[in-house]
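A.B. asks: Structure provided below as structure tokens; questions to follow.
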Amino acid sequence: MQLAKGEAKFDIYAGKVRIDGQKFNIPVYAGDGVSELLLGRQWLKNRRLVVDFPAGVLTLGNS
């Protein structure tokens, strides 16, 4: 996978998350190449993402 820091290899696992009572199957990428969490663009196609670092709030909700 091409990242801002360069190319990295990942293992891909099946994951499940629950948001607002809805269950979603998501791909989970794990590897030594990235220490941060990755939020896939598939989420951003149908969810609104609001990040407020000073307040410590991250909201992933309906459009």
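Each chain of the structure tokens is named A, B, ... in the order shown, its residues numbered from 1; ligands are numbered from 1 in display order.
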What parts of chain A does DSSP call strand (DSSP E or B)? I'd like the answer as a ChimeraX atom specification.

C.D. replies: /A:2-3,6-7,11-19,22-30,47-52,57-62

A.B. asks: Write a file of the just-selected residues containing C-alpha atoms, as a compact mmCIF listing (two decimals), in the first residue's frame.

C.D. replies:
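See selection18.txt below for the written result:
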# COMPACT_ATOMS: atom_id res chain seq x y z
CA GLN A 2 1.33 3.46 -0.86
CA LEU A 3 1.40 5.83 2.14
CA GLY A 6 6.36 5.51 1.47
CA GLU A 7 5.32 2.00 0.64
CA ASP A 11 -1.93 -7.99 6.84
CA ILE A 12 -5.68 -7.61 6.26
CA TYR A 13 -8.21 -8.94 8.78
CA ALA A 14 -12.00 -8.89 8.94
CA GLY A 15 -13.23 -6.55 11.65
CA LYS A 16 -16.63 -5.61 13.05
CA VAL A 17 -17.61 -2.27 14.54
CA ARG A 18 -20.84 -0.96 15.96
CA ILE A 19 -21.75 2.70 15.49
CA GLN A 22 -25.52 -0.43 13.47
CA LYS A 23 -23.00 -3.22 12.86
CA PHE A 24 -20.48 -2.91 10.04
CA ASN A 25 -17.94 -5.34 8.62
CA ILE A 26 -14.71 -3.50 7.85
CA PRO A 27 -11.22 -4.40 6.66
CA VAL A 28 -8.55 -3.98 9.35
CA TYR A 29 -4.99 -3.31 8.19
CA ALA A 30 -2.17 -4.28 10.53
CA ARG A 47 -20.45 9.33 6.84
CA ARG A 48 -19.59 12.86 7.90
CA LEU A 49 -16.27 13.11 9.75
CA VAL A 50 -15.70 16.03 12.15
CA VAL A 51 -12.40 16.30 14.02
CA ASP A 52 -11.92 18.88 16.78
CA VAL A 57 -13.75 15.18 19.86
CA LEU A 58 -14.04 12.96 16.78
CA THR A 59 -17.50 12.45 15.31
CA LEU A 60 -18.30 9.98 12.55
CA GLY A 61 -22.00 10.34 11.79
CA ASN A 62 -24.60 10.31 9.08

A.B. asks: Tell me which protein, DNA and RNA residues are within 10 Å of Met1 of chain A, counting only C-alpha atoms, leaving out same-chain ones fewer than 6 positions away, and put them as a ChimeraX atom specification.

C.D. replies: /A:7-10,33

A.B. asks: Any chance you could list, as number ranges by chain, the residues in chain A that come up alpha helix (DSSP H) when DSSP is run on the backbone?

C.D. replies: A: 41-46
